[in-house]
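These notes are about the structure you will find just below.
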Amino acid sequence: MSIAMPLQQPKERLEHHHTTELTAHERRNGDAAAHRRTSDIQDDDDEPMPKRKKIRSSTSHLKIVPETLELRELFKAKAQQFAEKLDHSKPFNKTQLQTWSMQLLGEMSMPEKYSGFAAVLIGNFFWRRQFLATPFERRMLLLPHCLKHAEGCPAEYTEFGLDCERCGACRIAGCKGRAERLGYKVLVAEGSPIVLKIIVGGYVDGILGVACLNVLEKAIDKVLIAGVPSYAVPLHSGDCHNTSLDESWIWEVLDKYEPMPDQRLTGYVSVMRAANRLFDDHFDRLLPRVRSKTPEAAATPLGKTEDIAYDWLRNGGKRFRPFITLAAYDAATGGTCLKNFDSSAQPFEFPDSVARVAMSIEAFHKASLVHDDIEDDDLFRYGRETLHRTHGLGPAINVGDHLIGLGYKLITAARTASNLSPLPEGEGTAALPSDVACDVLERMAAAHLKLCDGQGAEMFWQQNPTLDFTPRDALQIYALKTSPAFEAALFAGLRMAGSVEKYESMIGPFCRHVGIGFQILNDLKDWRGDNDNKMVAGQDALALRPTIMMALAWQAANAEQRQLMQRCYFDREEEDAIRLARLRRLYEELGVFEKAERLIEKSRDRAELLADEVESDDIRQLLYFLVDTVMADEQDKDPRDSMPKPTSVLHPLPVTTA
C-alpha cells in the first residue's frame, strides 16, 4: 500500500499531431485540443518521468506472490537495497513504480508475474522511514476480514467494518489488541471509503495495511495518491477464504517508532482535511444560523426550513467540489497547503472569503441533488432516505431553493469586508474584490443553467420515452448535468487566486471530459448498487432514465434484441427482478459494460492530454489528481458479477478498493 502520488514532476514536452477531421459535436464544443495525439515525449532532465498516459488493462497475471517464504524474503531484501538507491526527495507515481518493479525483476532474473509483488515491496521501503516517523496514535492498522476464522466468528459488521470480539479464534485479535495498546486506530474491514473518511477527518497520517495484491493495486488511486505514507503486507492469495500471510512482516514495523528530524507529508490529504473542516469545525462561524439558533427555534414552522437545509448542507457527501475550489486556489498561489503539511503543526486554514466560496459550491450542488431526487423520485441519498420522502414534496422543493439562496449569500459574504463572522485579526479575513466575486457568480449561474438544461432534457425525454436514443445524445446530457459543477469549482479557485486567462480554454473541455467519465462510471455503479447514494441496483433502468448503457445497447442490438429491450423497459406487468435480469444478460451479450469502460478511458485520456499542456506544475498535478480521483472506481466488483436484488435494499459489506 506504499504508493505516493506524483508531485512537482518535470513538465512533459509533448509533440502533438492534430487530427484534421472532427465530428460536428466536437466542432461545436471546441474539442479540437482534446483530440491531439501524443507522438513523442522528451524531457530535459537526466531521468525523464514516464509518460503520463497509461494502458489500463487486466493485470491479474502480474500479481502473483512468490510461493515460498525463502523467495519472498529474498524479494524483500533486494527491494530494500533497490529502494535505498532511489531519490527519496521526490515522490513517484504509479507508472514510475511499475518501471522500478520491472528493473528489479531484471536485476533478479525473475519473471514478470512477480511485478505486482515487487512494486509493493519497493513502495514499502521507499516510504518506510516516513511511516516509522509517524507516531503510533497517528497510524492505522488495516486488516482484511478474510483473515477472520471463517466458521463460527461471533463478530458482526458495523458501518466501520468487522466489530472484532477478541475471542482469540483467529489472528485478527492478536494483531488488533497489540496495535490498539500502542495507540493505533484499527479497522477490520475492506472499505476504502471508510479509510479515506478517517484520513480526511484528520485522525491518521500513516497506514499499515494487510491485503491481497489486487486490493493493494487499487489502493494506489485513492488513499495513497492523497500522500499518506503506508506500509503493506501482502496476503499470499486473493481468494478471500482463510488466506495466509507472513505475520512476522507486521511485527517488524508495528511497534517501531523512529522520528525523522524534518518530517514532511506531501499530498492532497491536507487540502481534503481543510475542506472537511469547513463543515465540521467552521460551519457555524462561516454560515451562522438566523431562524434556528436554538433547538426550540429550529422546531418551529419558521425555523424548520433553515434547520433542514443546514443539516443537509453540513452532513453527507465527500465534499469534493469544495476540495476542488480550495485545491485550485492553493495550486495557483504556490501550493502552501499542499507542500507544508505537518501533522504536528497547526492545520492550514484558508482565508474566510475562499472558504465561503468553496462552501457555496457545495450549497448549489446539494440544492441540485434535492431537486434531482424529487424529479427522479430517488429513494436514497448519502445512505439515508431522500428529503422528499422524509419531509414531503413541497418542503423538499423549498429546502432546495433555500440552499440556492445560501449559495448566493456565501459568495456575497466573501465579497463584503464584514465577512459575517470573521476570524480574529490577522487570521485570513481578506474579502474578495467585487470583480472576482462577479466572475465567480457568473460561472455559478452558467453552471446552474447548464444543469437545468441537461436535467430538463432528461425529464422531457421521459415524458415521451423512446429507445431510439444515441450515445451522443446521452453524452450531451451528461456533459450538461455533471460537468458544470466541476467547472464552476475549478474556475472559482483559480479566479480567486488571480487571472484565469491562460486557463480559460482548458477549464471547460477538461471538466467536460472528467464529468462525462464520472457519469458513465455512475452508470456502471448503478448495476451493482451504490451504498453512498442509490443503493438499489438497476434503479436507473427501472426509472427509465436515458443512460449511455441504454444508448449503447440499442445501437448494437439487432431487431430481435431491440424487441427484448422494449419489453424489459416498458412491460411493467413483469416483475422488476426478471426484467433487470434479462436486460443485464442482453447488456453482456452486446458488450455494453466493456464499451462503457472504454468510453471512460477515452474521457480520461482526453482530460489528461489537456492537463499535459498546463505550464504550472502545481495546477497540472492537481488536474491529474482530479482525473485519477473522479474516474476511480471505488468497488472491486464488476457490475456483471451478480444479479440485482430489487426486492430489498442492498447494503454491501465493506470491501477495500482504494
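Chains: A, B, ... in order of the C-alpha cells. Residues: from 1 per chain. Ligands: from 1, in order shown.
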* **Residue contacts of Gln462 in chain A (9 Å, only C-alpha atoms) excluding same-chain residues fewer than 4 positions away, as a PyMOL selection string** => chain A and resi 457-458+466+544-546
* Might you pull out every residue within 12 Å of range 295-297 of chain A, with only C-alpha atoms counted and same-chain residues fewer than 6 positions away left off, and present them as a list in words? => Arg289, Gly303, Lys304, Thr305, Glu306 and Asp307 of chain A
Proximity of range 275-303 of chain A to range 355-367 of chain A: per-residue shortest pair, 10 Å limit, only C-alpha atoms, as JSON lines:
{"residue": "A:Ala275", "atom": "CA", "partner": "A:Ala358", "partner_atom": "CA", "distance": 8.0}
{"residue": "A:Arg277", "atom": "CA", "partner": "A:Ala355", "partner_atom": "CA", "distance": 9.8}
{"residue": "A:Leu278", "atom": "CA", "partner": "A:Ala355", "partner_atom": "CA", "distance": 6.9}
{"residue": "A:Phe279", "atom": "CA", "partner": "A:Met359", "partner_atom": "CA", "distance": 8.1}
{"residue": "A:His282", "atom": "CA", "partner": "A:Ala355", "partner_atom": "CA", "distance": 9.4}
{"residue": "A:Phe283", "atom": "CA", "partner": "A:Met359", "partner_atom": "CA", "distance": 9.0}
{"residue": "A:Leu286", "atom": "CA", "partner": "A:Arg356", "partner_atom": "CA", "distance": 6.7}
{"residue": "A:Leu287", "atom": "CA", "partner": "A:Arg356", "partner_atom": "CA", "distance": 8.2}
* Nearest to Leu216 in chain A by atom-to-atom distance, counting only C-alpha atoms, from A:Phe136, A:Phe350, A:Phe117, A:Tyr310 -> A:Phe117
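Residue nearest Lys197 in chain A, chosen from A:Gln621, A:Leu245, A:Lys318, A:Lys185 and counting only C-alpha atoms: A:Lys318.
For Gly591 in chain A, the residues within 12 Å (counting only C-alpha atoms, excluding itself and residues fewer than 4 positions away along the chain) are Met549, Met550, Leu552, Ala553, Trp554, Gln555, Ala556, Ala557, Arg584, Arg585, Leu586, Tyr587, Lys595, Ala596, Glu597, Arg598 and Arg640 of chain A.
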Spatial neighbours of Phe486 in chain A, 12 Å, only C-alpha atoms, chain gap at least 6 places, as a compact mmCIF listing (two decimals) with all heavy atoms, in the first residue's frame:
# COMPACT_ATOMS: atom_id res chain seq x y z
N ARG A 319 -17.70 16.09 -0.10
CA ARG A 319 -17.22 17.48 -0.12
C ARG A 319 -16.13 17.67 -1.15
O ARG A 319 -15.14 18.39 -0.94
CB ARG A 319 -16.74 17.87 1.27
CG ARG A 319 -17.87 17.85 2.30
CD ARG A 319 -17.40 17.67 3.70
NE ARG A 319 -18.54 17.59 4.63
CZ ARG A 319 -18.42 17.28 5.90
NH1 ARG A 319 -17.24 17.00 6.42
NH2 ARG A 319 -19.47 17.23 6.68
N PHE A 320 -16.31 17.00 -2.28
CA PHE A 320 -15.28 17.00 -3.30
C PHE A 320 -15.23 18.32 -4.06
O PHE A 320 -14.15 18.79 -4.42
CB PHE A 320 -15.50 15.84 -4.27
CG PHE A 320 -14.38 15.64 -5.24
CD1 PHE A 320 -13.12 15.26 -4.80
CD2 PHE A 320 -14.57 15.85 -6.60
CE1 PHE A 320 -12.08 15.08 -5.70
CE2 PHE A 320 -13.54 15.68 -7.49
CZ PHE A 320 -12.29 15.30 -7.04
N ARG A 321 -16.37 18.93 -4.31
CA ARG A 321 -16.37 20.19 -5.04
C ARG A 321 -15.73 21.31 -4.24
O ARG A 321 -14.94 22.10 -4.79
CB ARG A 321 -17.79 20.52 -5.49
CG ARG A 321 -18.26 19.60 -6.62
CD ARG A 321 -19.75 19.47 -6.71
NE ARG A 321 -20.14 18.43 -7.67
CZ ARG A 321 -20.17 17.14 -7.40
NH1 ARG A 321 -19.85 16.70 -6.18
NH2 ARG A 321 -20.51 16.26 -8.33
N PRO A 322 -16.02 21.45 -2.93
CA PRO A 322 -15.25 22.42 -2.14
C PRO A 322 -13.76 22.13 -2.13
O PRO A 322 -12.94 23.06 -2.17
CB PRO A 322 -15.85 22.27 -0.73
CG PRO A 322 -17.21 21.75 -0.95
CD PRO A 322 -17.13 20.86 -2.15
N PHE A 323 -13.40 20.85 -2.13
CA PHE A 323 -11.98 20.49 -2.21
C PHE A 323 -11.37 21.02 -3.50
O PHE A 323 -10.25 21.56 -3.50
CB PHE A 323 -11.81 18.97 -2.13
CG PHE A 323 -10.49 18.49 -2.67
CD1 PHE A 323 -9.34 18.60 -1.91
CD2 PHE A 323 -10.40 17.97 -3.95
CE1 PHE A 323 -8.11 18.19 -2.41
CE2 PHE A 323 -9.19 17.56 -4.46
CZ PHE A 323 -8.03 17.67 -3.69
N ILE A 324 -12.07 20.85 -4.62
CA ILE A 324 -11.54 21.33 -5.91
C ILE A 324 -11.25 22.82 -5.83
O ILE A 324 -10.20 23.29 -6.27
CB ILE A 324 -12.53 21.02 -7.05
CG1 ILE A 324 -12.64 19.52 -7.27
CG2 ILE A 324 -12.07 21.71 -8.34
CD1 ILE A 324 -13.68 19.14 -8.32
N THR A 325 -12.19 23.58 -5.26
CA THR A 325 -12.00 25.03 -5.17
C THR A 325 -10.80 25.37 -4.31
O THR A 325 -9.96 26.21 -4.69
CB THR A 325 -13.27 25.69 -4.59
OG1 THR A 325 -14.37 25.44 -5.48
CG2 THR A 325 -13.08 27.19 -4.44
N ALA A 328 -7.54 24.23 -6.10
CA ALA A 328 -7.19 25.09 -7.24
C ALA A 328 -6.62 26.41 -6.75
O ALA A 328 -5.62 26.92 -7.30
CB ALA A 328 -8.42 25.32 -8.11
N ALA A 358 -15.98 28.22 -1.45
CA ALA A 358 -15.94 26.76 -1.53
C ALA A 358 -17.22 26.16 -0.96
O ALA A 358 -17.79 25.21 -1.52
CB ALA A 358 -14.73 26.22 -0.78
N ILE A 361 -20.21 26.41 -3.39
CA ILE A 361 -20.24 25.36 -4.41
C ILE A 361 -21.03 24.16 -3.89
O ILE A 361 -21.86 23.57 -4.59
CB ILE A 361 -18.81 24.91 -4.77
CG1 ILE A 361 -17.99 26.09 -5.30
CG2 ILE A 361 -18.84 23.76 -5.76
CD1 ILE A 361 -18.22 26.43 -6.72
N GLU A 362 -20.78 23.81 -2.64
CA GLU A 362 -21.48 22.68 -2.04
C GLU A 362 -22.96 22.99 -1.85
O GLU A 362 -23.82 22.11 -2.02
CB GLU A 362 -20.84 22.31 -0.69
CG GLU A 362 -21.36 21.04 -0.07
CD GLU A 362 -20.82 19.78 -0.72
OE1 GLU A 362 -20.19 19.86 -1.80
OE2 GLU A 362 -21.04 18.69 -0.16
N PHE A 364 -24.88 24.99 -3.74
CA PHE A 364 -25.52 24.85 -5.04
C PHE A 364 -25.64 23.37 -5.44
O PHE A 364 -26.66 22.94 -5.97
CB PHE A 364 -24.73 25.61 -6.11
CG PHE A 364 -24.82 27.11 -5.98
CD1 PHE A 364 -23.67 27.88 -5.93
CD2 PHE A 364 -26.04 27.75 -5.90
CE1 PHE A 364 -23.73 29.26 -5.81
CE2 PHE A 364 -26.13 29.14 -5.79
CZ PHE A 364 -24.97 29.89 -5.74
N HIS A 365 -24.58 22.61 -5.16
CA HIS A 365 -24.59 21.18 -5.51
C HIS A 365 -25.66 20.44 -4.72
O HIS A 365 -26.43 19.65 -5.28
CB HIS A 365 -23.21 20.59 -5.23
CG HIS A 365 -23.15 19.10 -5.39
ND1 HIS A 365 -23.44 18.46 -6.57
CD2 HIS A 365 -22.84 18.12 -4.49
CE1 HIS A 365 -23.31 17.16 -6.41
NE2 HIS A 365 -22.96 16.93 -5.17
N ARG A 443 -20.01 32.39 -13.37
CA ARG A 443 -19.73 30.99 -13.69
C ARG A 443 -20.69 30.05 -12.95
O ARG A 443 -21.09 29.02 -13.48
CB ARG A 443 -18.27 30.66 -13.35
CG ARG A 443 -17.78 29.34 -13.95
CD ARG A 443 -17.91 29.31 -15.46
NE ARG A 443 -17.15 30.34 -16.13
CZ ARG A 443 -15.98 30.12 -16.75
NH1 ARG A 443 -15.47 28.91 -16.76
NH2 ARG A 443 -15.35 31.11 -17.34
N MET A 444 -21.05 30.42 -11.72
CA MET A 444 -22.04 29.63 -10.98
C MET A 444 -23.38 29.65 -11.72
O MET A 444 -24.06 28.62 -11.85
CB MET A 444 -22.23 30.19 -9.57
CG MET A 444 -20.98 30.20 -8.72
SD MET A 444 -20.56 28.58 -8.12
CE MET A 444 -19.23 29.03 -6.99
N ALA A 447 -23.27 27.49 -14.76
CA ALA A 447 -23.33 26.08 -14.37
C ALA A 447 -24.75 25.68 -14.03
O ALA A 447 -25.22 24.59 -14.39
CB ALA A 447 -22.39 25.83 -13.19
N HIS A 448 -25.46 26.56 -13.33
CA HIS A 448 -26.84 26.28 -12.93
C HIS A 448 -27.73 26.13 -14.16
O HIS A 448 -28.57 25.22 -14.24
CB HIS A 448 -27.34 27.42 -12.05
CG HIS A 448 -28.45 27.03 -11.13
ND1 HIS A 448 -28.60 27.56 -9.88
CD2 HIS A 448 -29.48 26.17 -11.28
CE1 HIS A 448 -29.66 27.03 -9.30
NE2 HIS A 448 -30.21 26.19 -10.14
N LEU A 451 -26.96 22.85 -15.98
CA LEU A 451 -27.51 21.73 -15.22
C LEU A 451 -29.01 21.60 -15.49
O LEU A 451 -29.52 20.49 -15.71
CB LEU A 451 -27.25 21.94 -13.73
CG LEU A 451 -27.96 20.97 -12.77
CD1 LEU A 451 -27.49 19.54 -13.02
CD2 LEU A 451 -27.70 21.36 -11.33
N ALA A 479 -22.77 15.79 -20.20
CA ALA A 479 -21.90 16.97 -20.16
C ALA A 479 -22.60 18.15 -19.50
O ALA A 479 -21.97 18.94 -18.79
CB ALA A 479 -21.46 17.33 -21.57
N LEU A 480 -23.90 18.26 -19.72
CA LEU A 480 -24.65 19.37 -19.14
C LEU A 480 -24.98 19.14 -17.66
O LEU A 480 -24.99 20.08 -16.87
CB LEU A 480 -25.95 19.59 -19.92
CG LEU A 480 -25.80 20.17 -21.33
CD1 LEU A 480 -27.11 20.10 -22.09
CD2 LEU A 480 -25.30 21.60 -21.27
N ALA A 492 -13.62 28.86 -9.87
CA ALA A 492 -13.67 29.72 -8.69
C ALA A 492 -12.34 29.74 -7.96
O ALA A 492 -11.85 30.81 -7.56
CB ALA A 492 -14.78 29.25 -7.76
N GLY A 493 -11.73 28.58 -7.78
CA GLY A 493 -10.44 28.53 -7.08
C GLY A 493 -9.35 29.27 -7.83
O GLY A 493 -8.58 30.04 -7.24
N ILE A 507 -10.30 24.95 -19.07
CA ILE A 507 -11.19 24.58 -17.96
C ILE A 507 -12.45 23.87 -18.45
O ILE A 507 -12.82 22.80 -17.94
CB ILE A 507 -11.57 25.84 -17.14
CG1 ILE A 507 -10.34 26.40 -16.45
CG2 ILE A 507 -12.64 25.50 -16.12
CD1 ILE A 507 -10.58 27.73 -15.73
N GLY A 508 -13.14 24.45 -19.44
CA GLY A 508 -14.39 23.86 -19.92
C GLY A 508 -14.22 22.47 -20.49
O GLY A 508 -14.89 21.52 -20.04
N PRO A 509 -13.36 22.29 -21.52
CA PRO A 509 -13.19 20.95 -22.09
C PRO A 509 -12.68 19.92 -21.07
O PRO A 509 -13.13 18.78 -21.06
CB PRO A 509 -12.16 21.17 -23.20
CG PRO A 509 -12.32 22.61 -23.58
CD PRO A 509 -12.66 23.32 -22.31
N PHE A 510 -11.74 20.32 -20.21
CA PHE A 510 -11.22 19.39 -19.21
C PHE A 510 -12.35 18.89 -18.31
O PHE A 510 -12.50 17.68 -18.08
CB PHE A 510 -10.13 20.07 -18.37
CG PHE A 510 -9.65 19.23 -17.22
CD1 PHE A 510 -8.66 18.27 -17.41
CD2 PHE A 510 -10.19 19.38 -15.95
CE1 PHE A 510 -8.22 17.48 -16.35
CE2 PHE A 510 -9.75 18.61 -14.88
CZ PHE A 510 -8.76 17.65 -15.08
N CYS A 511 -13.14 19.81 -17.79
CA CYS A 511 -14.22 19.42 -16.88
C CYS A 511 -15.30 18.64 -17.60
O CYS A 511 -15.94 17.76 -17.00
CB CYS A 511 -14.81 20.65 -16.20
SG CYS A 511 -13.67 21.46 -15.05
N ARG A 512 -15.49 18.92 -18.89
CA ARG A 512 -16.48 18.16 -19.64
C ARG A 512 -16.07 16.68 -19.75
O ARG A 512 -16.88 15.78 -19.53
CB ARG A 512 -16.66 18.76 -21.04
CG ARG A 512 -17.71 18.02 -21.87
CD ARG A 512 -18.17 18.84 -23.07
NE ARG A 512 -17.09 19.21 -23.96
CZ ARG A 512 -16.59 20.45 -24.07
NH1 ARG A 512 -17.05 21.41 -23.30
NH2 ARG A 512 -15.63 20.71 -24.93
N HIS A 513 -14.81 16.44 -20.08
CA HIS A 513 -14.35 15.06 -20.19
C HIS A 513 -14.37 14.35 -18.83
O HIS A 513 -14.77 13.19 -18.74
CB HIS A 513 -12.95 15.02 -20.78
CG HIS A 513 -12.87 15.53 -22.19
ND1 HIS A 513 -13.74 15.15 -23.17
CD2 HIS A 513 -12.01 16.42 -22.77
CE1 HIS A 513 -13.44 15.77 -24.31
NE2 HIS A 513 -12.39 16.54 -24.08
N VAL A 514 -13.95 15.06 -17.80
CA VAL A 514 -13.98 14.46 -16.46
C VAL A 514 -15.41 14.18 -16.04
O VAL A 514 -15.72 13.11 -15.49
CB VAL A 514 -13.28 15.39 -15.44
CG1 VAL A 514 -13.52 14.91 -14.02
CG2 VAL A 514 -11.78 15.45 -15.72
N GLY A 515 -16.31 15.12 -16.28
CA GLY A 515 -17.71 14.94 -15.89
C GLY A 515 -18.38 13.81 -16.63
O GLY A 515 -19.14 13.03 -16.04
N ILE A 516 -18.11 13.68 -17.91
CA ILE A 516 -18.69 12.59 -18.69
C ILE A 516 -18.18 11.24 -18.19
O ILE A 516 -18.95 10.29 -18.00
CB ILE A 516 -18.38 12.77 -20.19
CG1 ILE A 516 -19.21 13.92 -20.76
CG2 ILE A 516 -18.64 11.49 -20.97
CD1 ILE A 516 -18.87 14.28 -22.20
N PHE A 518 -17.10 10.56 -15.23
CA PHE A 518 -17.70 10.35 -13.91
C PHE A 518 -19.12 9.82 -14.03
O PHE A 518 -19.52 8.90 -13.33
CB PHE A 518 -17.68 11.68 -13.16
CG PHE A 518 -18.44 11.68 -11.86
CD1 PHE A 518 -17.89 11.14 -10.71
CD2 PHE A 518 -19.71 12.23 -11.80
CE1 PHE A 518 -18.60 11.15 -9.52
CE2 PHE A 518 -20.43 12.25 -10.61
CZ PHE A 518 -19.87 11.70 -9.47
N LEU A 623 -4.77 18.71 -11.76
CA LEU A 623 -5.64 18.19 -12.82
C LEU A 623 -5.47 16.68 -12.95
O LEU A 623 -6.46 15.94 -13.11
CB LEU A 623 -5.34 18.88 -14.15
CG LEU A 623 -5.57 20.40 -14.18
CD1 LEU A 623 -5.22 20.96 -15.56
CD2 LEU A 623 -7.00 20.76 -13.82
N LEU A 626 -7.33 15.11 -10.13
CA LEU A 626 -8.78 15.12 -10.33
C LEU A 626 -9.20 14.01 -11.28
O LEU A 626 -10.22 13.34 -11.06
CB LEU A 626 -9.22 16.48 -10.87
CG LEU A 626 -9.02 17.68 -9.94
CD1 LEU A 626 -9.53 18.95 -10.61
CD2 LEU A 626 -9.72 17.47 -8.61
N VAL A 627 -8.42 13.80 -12.34
CA VAL A 627 -8.73 12.72 -13.27
C VAL A 627 -8.70 11.38 -12.55
O VAL A 627 -9.62 10.56 -12.65
CB VAL A 627 -7.74 12.72 -14.45
CG1 VAL A 627 -7.92 11.47 -15.30
CG2 VAL A 627 -7.94 13.96 -15.31
N VAL A 630 -11.73 11.41 -9.70
CA VAL A 630 -13.12 11.43 -10.17
C VAL A 630 -13.45 10.15 -10.93
O VAL A 630 -14.56 9.62 -10.82
CB VAL A 630 -13.37 12.66 -11.06
CG1 VAL A 630 -14.75 12.60 -11.71
CG2 VAL A 630 -13.23 13.94 -10.24
* Which neighbours of Pro433 in chain A fall inside 9 Å, counting only C-alpha atoms, when residues of the same chain fewer than 5 positions from it are skipped, and could you give them as a list in words? -> Ala414, Arg415, Thr416, Cys438 and Met496 of chain A
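Put simply, CA of Gln130 in chain A is 26.0 Å away from CA of Ala632 in chain A.
Considering the residues A:Arg181, A:Leu86, A:Gln96, A:Ile199 and counting only C-alpha atoms, Arg138 in chain A has its shortest atom-to-atom contact with A:Ile199.
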* Just the strand (DSSP E or B) stuff from range 356-593 of chain A, please, per backbone DSSP, written as number ranges by chain. => A: 380-381, 384-385
* Could you pull out all residues of range 378-460 of chain A with a DSSP call of helix (DSSP H, G or I) and give them as a ChimeraX atom specification? -> /A:387-391,393-415,434-460
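Distance annotation: of A:Leu467, A:Ser499, A:Glu180, A:Leu622, the residue with the minimal separation from Leu564 in chain A is A:Leu467; atom set is only C-alpha atoms.
Pairwise distance (CA of Glu574 in chain A, CA of Ala543 in chain A) equals 14.5 Å.
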* Interatomic distance (Å, one decimal) between CA of Phe469 in chain A and CA of Asp571 in chain A -> 18.6 Å
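Remark: for Glu615 in chain A, the closest of the candidate residues A:Met506, A:Leu326, A:Leu213, A:Ala430 is A:Met506 (distances computed over only C-alpha atoms).
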* Identify, on the basis of only C-alpha atoms, every residue whose closest approach to Arg139 in chain A does not exceed 10 Å; exclude the query and any residue fewer than 3 positions from it along the same chain; express the result as a VMD selection string. => chain A and resid 131 to 132 134 to 136 142 179 182 to 186 199 203 to 208 229 to 230 254
* **Residue neighbourhood Val370 in chain A, 12 Å, only C-alpha atoms, exclusion window fewer than 6 positions, as a VMD selection string** => chain A and resid 308 to 309 312 to 313 363 to 364 376 to 382 385 to 404
